[in-house]
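As structure tokens, the structure follows; a few thoughts come after it.
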Amino acid sequence: MPELPEVEIIAGGLRKTVVGKIIQDIIPVWDKSFENRSSVKLSGQRIESIGRKGKYLIIRLTKTSLIVHLRMTGQILYMNQINKDQLSHIRVKILFNDGSCVLFKDTRKFGRIYHLEDEQSILSKVGIDALDPQINLGYFSEALKKSGMNIKAFLLSQKYISGIGNIYVDESLFRAGIHPASAADKIKGNNAGILYNRIREVLNTAIENMGSTISDYRDTFGNSGNNQNYFKVYQCTGQPCEVCNTPIKKIKLAGRGTHFCPNCQKILK
DNA sequence: CCATGTACCTGAAGGC
DNA sequence: TGCCTTCAGGTACATG
């Protein structure tokens, strides 16, 4: 569900609602969903700022940080007051001293909220964010050259560039005309530049469209995104490619469902 | 180092 | 209707 664009929308929602609020208490409803790696007290701490790196959401507090990963079905929902309607699958409740709250809803229980003193203990293992102002084509090309993986696995790995998941990797590779099984180290020169630009366009467009909702993704106010209406290959199996009319094909690659146009996307090896 | 499989979980959808 | 299998946006870990 949530890849870079969706986490960015959620970060924006939190910036508008909870910065400056004081935590009254954090209640883990499902123990595994909240991993407390610090003995510093949470209650009384103020939310200072909201950040993001790749698919990680960063909530910076007075003394410590909360790092959130939504994995497959996680949602971060802001409420002016605790909703009496029975919201199912709530795994963690973050209560503020003004009566408002943030609820971590996560059907499949894969997501995590970590409480840390040093956010780098998690974030240092994550590659540079795909939309970080510091990233550039030179860095991207060098990373491709060093990798022995296929391009699909490379982009999903989060190791060199972070934030791209299964939806946007397929959409980016289609727009770049590159077959997902292509060797990363064979994508050079012009091809590397095209792929780099398409990735950024696909991610930025998804942000403009408020993210992609397949089934679970919602923003902090519970709203769905619109970007799923603009997919060209993801979940378009069998439909005609909009460029050449060849039916979109689905295969398994890097352990994931992979959608592409067998005519437009050339394999580089 | 890389590819593949499995585990972590729940629920929806499709086949029979 | 109901049972069974498969699949799902992610990542960590074990195995060849």
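Each chain in the structure tokens gets a letter, A, B, ..., in the order shown, and its residues are numbered from 1; ligands are numbered from 1 in order too.
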
Compile the contact shell of DC4 in chain C as a PyMOL selection string: residues with an atom at most 12 Å away, counting only C-alpha atoms (C1' of nucleotides), same-chain residues fewer than 4 positions apart removed. chain B and resi 14-16

For the selection just defined, write its residues with all heavy atoms to a file, as a compact mmCIF listing (two decimals), in the first residue's frame.
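That gives us again27.txt:
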```
# COMPACT_ATOMS: atom_id res chain seq x y z
P DG B 14 -13.04 -12.26 -8.44
OP1 DG B 14 -12.77 -11.27 -9.50
OP2 DG B 14 -14.41 -12.43 -7.89
O5' DG B 14 -12.51 -13.68 -8.93
C5' DG B 14 -11.11 -13.96 -8.97
C4' DG B 14 -10.91 -15.45 -8.96
O4' DG B 14 -11.00 -15.94 -7.60
C3' DG B 14 -11.96 -16.22 -9.77
O3' DG B 14 -11.31 -17.19 -10.58
C2' DG B 14 -12.85 -16.85 -8.71
C1' DG B 14 -11.87 -17.05 -7.56
N9 DG B 14 -12.48 -17.09 -6.24
C8 DG B 14 -13.39 -16.21 -5.71
N7 DG B 14 -13.75 -16.51 -4.49
C5 DG B 14 -13.02 -17.66 -4.19
C6 DG B 14 -12.98 -18.44 -3.01
O6 DG B 14 -13.61 -18.28 -1.96
N1 DG B 14 -12.10 -19.52 -3.13
C2 DG B 14 -11.37 -19.80 -4.24
N2 DG B 14 -10.58 -20.87 -4.19
N3 DG B 14 -11.39 -19.07 -5.36
C4 DG B 14 -12.23 -18.02 -5.26
P DG B 15 -12.13 -18.11 -11.57
OP1 DG B 15 -11.41 -18.09 -12.85
OP2 DG B 15 -13.56 -17.74 -11.51
O5' DG B 15 -11.95 -19.53 -10.89
C5' DG B 15 -10.62 -20.01 -10.60
C4' DG B 15 -10.73 -21.41 -10.04
O4' DG B 15 -11.22 -21.35 -8.67
C3' DG B 15 -11.69 -22.31 -10.80
O3' DG B 15 -11.15 -23.62 -10.85
C2' DG B 15 -12.97 -22.25 -9.96
C1' DG B 15 -12.42 -22.09 -8.55
N9 DG B 15 -13.28 -21.35 -7.63
C8 DG B 15 -13.92 -20.17 -7.87
N7 DG B 15 -14.61 -19.74 -6.84
C5 DG B 15 -14.41 -20.71 -5.87
C6 DG B 15 -14.89 -20.81 -4.55
O6 DG B 15 -15.64 -20.02 -3.94
N1 DG B 15 -14.45 -21.96 -3.90
C2 DG B 15 -13.64 -22.90 -4.47
N2 DG B 15 -13.31 -23.94 -3.70
N3 DG B 15 -13.17 -22.83 -5.71
C4 DG B 15 -13.59 -21.71 -6.34
P DC B 16 -11.89 -24.76 -11.74
OP1 DC B 16 -10.81 -25.61 -12.26
OP2 DC B 16 -12.86 -24.10 -12.65
O5' DC B 16 -12.72 -25.57 -10.65
C5' DC B 16 -12.03 -26.19 -9.54
C4' DC B 16 -13.04 -26.86 -8.64
O4' DC B 16 -13.68 -25.85 -7.82
C3' DC B 16 -14.16 -27.59 -9.38
O3' DC B 16 -14.35 -28.87 -8.80
C2' DC B 16 -15.38 -26.71 -9.16
C1' DC B 16 -15.07 -26.11 -7.79
N1 DC B 16 -15.77 -24.83 -7.51
C2 DC B 16 -16.22 -24.60 -6.20
O2 DC B 16 -16.01 -25.45 -5.33
N3 DC B 16 -16.87 -23.43 -5.93
C4 DC B 16 -17.07 -22.54 -6.90
N4 DC B 16 -17.71 -21.41 -6.57
C5 DC B 16 -16.61 -22.76 -8.22
C6 DC B 16 -15.98 -23.90 -8.48
```

Taking only range 37-269 of chain A into account, list the residues labelled helix (DSSP H, G or I) by DSSP (computed from the backbone), as an MDAnalysis selection string. chainID A and resid 120:123 137:146 151:156 166:176 184:186 189:208 227:230

Residues near range 208-219 of chain A, anyone? I mean within 7 Å using only C-alpha atoms (C1' of nucleotides), not counting same-chain ones fewer than 6 positions away, as a PyMOL selection string. chain A and resi 1-2+5-6+9-10+73+75+225-228

Chain C residues near chain A within 9 Å, closest pair each, using only C-alpha atoms (C1' of nucleotides), as a Markdown table:
```
| residue | atom | partner | partner_atom | distance |
| --- | --- | --- | --- | --- |
| C:DA8 | C1' | A:Met72 | CA | 8.2 |
| C:DG9 | C1' | A:Met1 | CA | 3.1 |
| C:DG10 | C1' | A:Arg71 | CA | 4.8 |
| C:DT11 | C1' | A:Arg71 | CA | 7.9 |
```

Once you have the residues from the selection above, write them out as a PDB file, in the first residue's frame, restricted to N, CA, C and O atoms (P, O5', C5', C4', C3', O3' and C1' of nucleotides).
```
ATOM      1  P    DA C   8      -0.087 -11.100  -6.201  1.00  0.00           P
ATOM      2  O5'  DA C   8      -0.441  -9.981  -5.110  1.00  0.00           O
ATOM      3  C5'  DA C   8      -1.484  -9.042  -5.335  1.00  0.00           C
ATOM      4  C4'  DA C   8      -1.712  -8.260  -4.071  1.00  0.00           C
ATOM      5  C3'  DA C   8      -0.418  -7.920  -3.326  1.00  0.00           C
ATOM      6  O3'  DA C   8       0.094  -6.658  -3.768  1.00  0.00           O
ATOM      7  C1'  DA C   8      -2.115  -8.707  -1.827  1.00  0.00           C
ATOM      8  P    DG C   9       1.495  -6.626  -4.510  1.00  0.00           P
ATOM      9  O5'  DG C   9       2.121  -5.262  -3.986  1.00  0.00           O
ATOM     10  C5'  DG C   9       1.689  -4.030  -4.441  1.00  0.00           C
ATOM     11  C4'  DG C   9       2.288  -2.899  -3.651  1.00  0.00           C
ATOM     12  C3'  DG C   9       3.076  -3.228  -2.411  1.00  0.00           C
ATOM     13  O3'  DG C   9       3.941  -2.127  -2.156  1.00  0.00           O
ATOM     14  C1'  DG C   9       1.004  -2.350  -1.788  1.00  0.00           C
ATOM     15  P    DG C  10       5.379  -2.510  -1.784  1.00  0.00           P
ATOM     16  O5'  DG C  10       5.208  -3.206  -0.351  1.00  0.00           O
ATOM     17  C5'  DG C  10       4.914  -2.429   0.779  1.00  0.00           C
ATOM     18  C4'  DG C  10       5.918  -2.704   1.886  1.00  0.00           C
ATOM     19  C3'  DG C  10       7.377  -2.771   1.413  1.00  0.00           C
ATOM     20  O3'  DG C  10       8.178  -2.091   2.369  1.00  0.00           O
ATOM     21  C1'  DG C  10       6.757  -4.812   2.442  1.00  0.00           C
ATOM     22  P    DT C  11       9.729  -1.837   2.128  1.00  0.00           P
ATOM     23  O5'  DT C  11      10.404  -3.010   2.960  1.00  0.00           O
ATOM     24  C5'  DT C  11      10.290  -2.944   4.370  1.00  0.00           C
ATOM     25  C4'  DT C  11      10.684  -4.230   4.998  1.00  0.00           C
ATOM     26  C3'  DT C  11      12.155  -4.629   4.785  1.00  0.00           C
ATOM     27  O3'  DT C  11      12.698  -4.700   6.073  1.00  0.00           O
ATOM     28  C1'  DT C  11      10.704  -6.467   4.565  1.00  0.00           C
TER      29       DT C  11
END
```

Determine the nearest neighbour of Ile164 in chain A from the options A:Gly255, A:Gly148, A:Val126, A:Tyr230, counting only C-alpha atoms.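 Between A:Gly255, A:Gly148, A:Val126, A:Tyr230, the residue approaching Ile164 in chain A most closely is A:Val126.
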
Tell me which of A:Arg108, A:Lys269, A:Val202, A:Glu171 sits closest to chain B, counting only C-alpha atoms (C1' of nucleotides).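 Nearest to chain B: A:Arg108.
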
What are the closest atom pairs, with distances in Å to one decimal, for each residue of chain B lying within 9 Å of chain A, using only C-alpha atoms (C1' of nucleotides), rows by chain and rising residue number, as JSON lines?
```
{"residue": "B:DC1", "atom": "C1'", "partner": "A:Gly148", "partner_atom": "CA", "distance": 7.7}
{"residue": "B:DC2", "atom": "C1'", "partner": "A:Met149", "partner_atom": "CA", "distance": 6.8}
{"residue": "B:DA3", "atom": "C1'", "partner": "A:Ala254", "partner_atom": "CA", "distance": 7.7}
{"residue": "B:DT4", "atom": "C1'", "partner": "A:Gly255", "partner_atom": "CA", "distance": 7.7}
{"residue": "B:DG5", "atom": "C1'", "partner": "A:Gly255", "partner_atom": "CA", "distance": 8.9}
{"residue": "B:DC8", "atom": "C1'", "partner": "A:Phe110", "partner_atom": "CA", "distance": 6.6}
{"residue": "B:DC9", "atom": "C1'", "partner": "A:Arg108", "partner_atom": "CA", "distance": 4.5}
{"residue": "B:DT10", "atom": "C1'", "partner": "A:Arg108", "partner_atom": "CA", "distance": 5.0}
{"residue": "B:DG11", "atom": "C1'", "partner": "A:Thr107", "partner_atom": "CA", "distance": 8.6}
```

Show which residues sit within 10 Å of Arg60 in chain A, as an mmCIF file with C-alpha atoms, in the first residue's frame. Count only C-alpha atoms (C1' of nucleotides), and ignore same-chain residues fewer than 2 positions away.
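This went into out-v1.cif:
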```cif
data_model
loop_
_atom_site.group_PDB
_atom_site.id
_atom_site.type_symbol
_atom_site.label_atom_id
_atom_site.label_comp_id
_atom_site.auth_asym_id
_atom_site.auth_seq_id
_atom_site.Cartn_x
_atom_site.Cartn_y
_atom_site.Cartn_z
ATOM 1 C CA VAL A 19 2.861 19.447 15.319
ATOM 2 C CA GLN A 45 6.823 15.124 25.041
ATOM 3 C CA ARG A 46 5.866 17.599 22.314
ATOM 4 C CA ILE A 47 5.685 16.821 18.605
ATOM 5 C CA GLU A 48 8.387 19.032 17.130
ATOM 6 C CA SER A 49 8.406 18.062 13.446
ATOM 7 C CA ILE A 50 7.420 15.446 10.900
ATOM 8 C CA GLY A 51 9.865 13.923 8.420
ATOM 9 C CA LEU A 57 7.536 8.307 8.537
ATOM 10 C CA ILE A 58 9.471 10.215 11.199
ATOM 11 C CA THR A 62 11.169 16.761 22.299
ATOM 12 C CA LYS A 63 13.716 14.101 23.320
ATOM 13 C CA THR A 64 13.109 11.036 21.164
ATOM 14 C CA SER A 65 11.524 9.979 17.861
ATOM 15 C CA LEU A 66 8.774 7.726 16.646
ATOM 16 C CA ILE A 67 9.543 5.996 13.348
ATOM 17 C CA LEU A 116 13.992 5.509 19.419
ATOM 18 C CA GLU A 117 16.557 7.886 20.802
ATOM 19 C CA GLU A 119 16.524 7.715 14.398
#
```

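Nearest to Asn97 in chain A of all the residues A:Ile26, A:Val233, A:Leu137, A:Ala206 is A:Ile26, counting only C-alpha atoms.
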
Compile the contact shell of Pro262 in chain A as a VMD selection string: residues with an atom at most 9 Å away, counting only C-alpha atoms (C1' of nucleotides), same-chain residues fewer than 4 positions apart removed. chain A and resid 179 246 to 249 266

Using all heavy atoms, can you export the residues from the last selection as a PDB file, in the first residue's frame?
```pdb
ATOM      1  N   HIS A 179      12.445  -3.218 -19.725  1.00  0.00           N
ATOM      2  CA  HIS A 179      11.890  -4.479 -19.220  1.00  0.00           C
ATOM      3  C   HIS A 179      12.355  -4.697 -17.778  1.00  0.00           C
ATOM      4  O   HIS A 179      13.531  -4.516 -17.468  1.00  0.00           O
ATOM      5  CB  HIS A 179      12.360  -5.617 -20.124  1.00  0.00           C
ATOM      6  CG  HIS A 179      11.658  -6.917 -19.898  1.00  0.00           C
ATOM      7  ND1 HIS A 179      11.810  -7.655 -18.749  1.00  0.00           N
ATOM      8  CD2 HIS A 179      10.764  -7.612 -20.670  1.00  0.00           C
ATOM      9  CE1 HIS A 179      11.059  -8.765 -18.833  1.00  0.00           C
ATOM     10  NE2 HIS A 179      10.424  -8.745 -19.986  1.00  0.00           N
ATOM     11  N   THR A 246      -0.599  -4.003 -27.496  1.00  0.00           N
ATOM     12  CA  THR A 246      -0.237  -5.344 -27.042  1.00  0.00           C
ATOM     13  C   THR A 246      -0.791  -5.544 -25.627  1.00  0.00           C
ATOM     14  O   THR A 246      -0.717  -4.638 -24.802  1.00  0.00           O
ATOM     15  CB  THR A 246       1.301  -5.477 -26.999  1.00  0.00           C
ATOM     16  OG1 THR A 246       1.822  -5.172 -28.291  1.00  0.00           O
ATOM     17  CG2 THR A 246       1.736  -6.885 -26.596  1.00  0.00           C
ATOM     18  N   PRO A 247      -1.379  -6.731 -25.339  1.00  0.00           N
ATOM     19  CA  PRO A 247      -1.901  -6.945 -23.985  1.00  0.00           C
ATOM     20  C   PRO A 247      -0.800  -6.864 -22.927  1.00  0.00           C
ATOM     21  O   PRO A 247       0.290  -7.418 -23.113  1.00  0.00           O
ATOM     22  CB  PRO A 247      -2.491  -8.361 -24.055  1.00  0.00           C
ATOM     23  CG  PRO A 247      -2.721  -8.627 -25.503  1.00  0.00           C
ATOM     24  CD  PRO A 247      -1.656  -7.853 -26.239  1.00  0.00           C
ATOM     25  N   ILE A 248      -1.097  -6.175 -21.833  1.00  0.00           N
ATOM     26  CA  ILE A 248      -0.151  -6.076 -20.717  1.00  0.00           C
ATOM     27  C   ILE A 248      -0.005  -7.452 -20.091  1.00  0.00           C
ATOM     28  O   ILE A 248      -0.975  -8.167 -19.883  1.00  0.00           O
ATOM     29  CB  ILE A 248      -0.660  -5.058 -19.660  1.00  0.00           C
ATOM     30  CG1 ILE A 248      -0.797  -3.665 -20.284  1.00  0.00           C
ATOM     31  CG2 ILE A 248       0.253  -5.046 -18.446  1.00  0.00           C
ATOM     32  CD1 ILE A 248       0.471  -3.109 -20.897  1.00  0.00           C
ATOM     33  N   LYS A 249       1.245  -7.808 -19.816  1.00  0.00           N
ATOM     34  CA  LYS A 249       1.557  -9.134 -19.293  1.00  0.00           C
ATOM     35  C   LYS A 249       1.914  -9.063 -17.812  1.00  0.00           C
ATOM     36  O   LYS A 249       2.437  -8.035 -17.361  1.00  0.00           O
ATOM     37  CB  LYS A 249       2.754  -9.685 -20.088  1.00  0.00           C
ATOM     38  CG  LYS A 249       2.931 -11.176 -19.984  1.00  0.00           C
ATOM     39  CD  LYS A 249       4.023 -11.644 -20.954  1.00  0.00           C
ATOM     40  CE  LYS A 249       4.408 -13.081 -20.622  1.00  0.00           C
ATOM     41  NZ  LYS A 249       5.570 -13.511 -21.396  1.00  0.00           N
ATOM     42  N   LYS A 266      11.923  -3.093 -23.547  1.00  0.00           N
ATOM     43  CA  LYS A 266      13.008  -3.906 -24.073  1.00  0.00           C
ATOM     44  C   LYS A 266      13.898  -4.414 -22.944  1.00  0.00           C
ATOM     45  O   LYS A 266      14.199  -3.688 -21.996  1.00  0.00           O
ATOM     46  CB  LYS A 266      13.868  -3.082 -25.041  1.00  0.00           C
ATOM     47  CG  LYS A 266      13.069  -2.439 -26.161  1.00  0.00           C
ATOM     48  CD  LYS A 266      12.368  -3.483 -27.032  1.00  0.00           C
ATOM     49  CE  LYS A 266      11.560  -2.792 -28.140  1.00  0.00           C
ATOM     50  NZ  LYS A 266      10.503  -3.685 -28.691  1.00  0.00           N
TER      51      LYS A 266
END
```

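CA of Ile90 in chain A is found 5.8 Å from CA of Phe104 in chain A.
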
In Å, with one decimal, what is the gap from C1' of DT6 in chain C to CA of Asn245 in chain A?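 Computing it gives 28.7 Å between the two atoms.
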
Near Lys186 in chain A, within 9 Å and counting only C-alpha atoms (C1' of nucleotides), which residues show up once chain neighbours fewer than 5 positions away are dropped, as a ChimeraX atom specification? /A:144-145,268-269

CA of Leu155 in chain A to CA of Gly127 in chain A, straight-line distance in Å: 10.5 Å
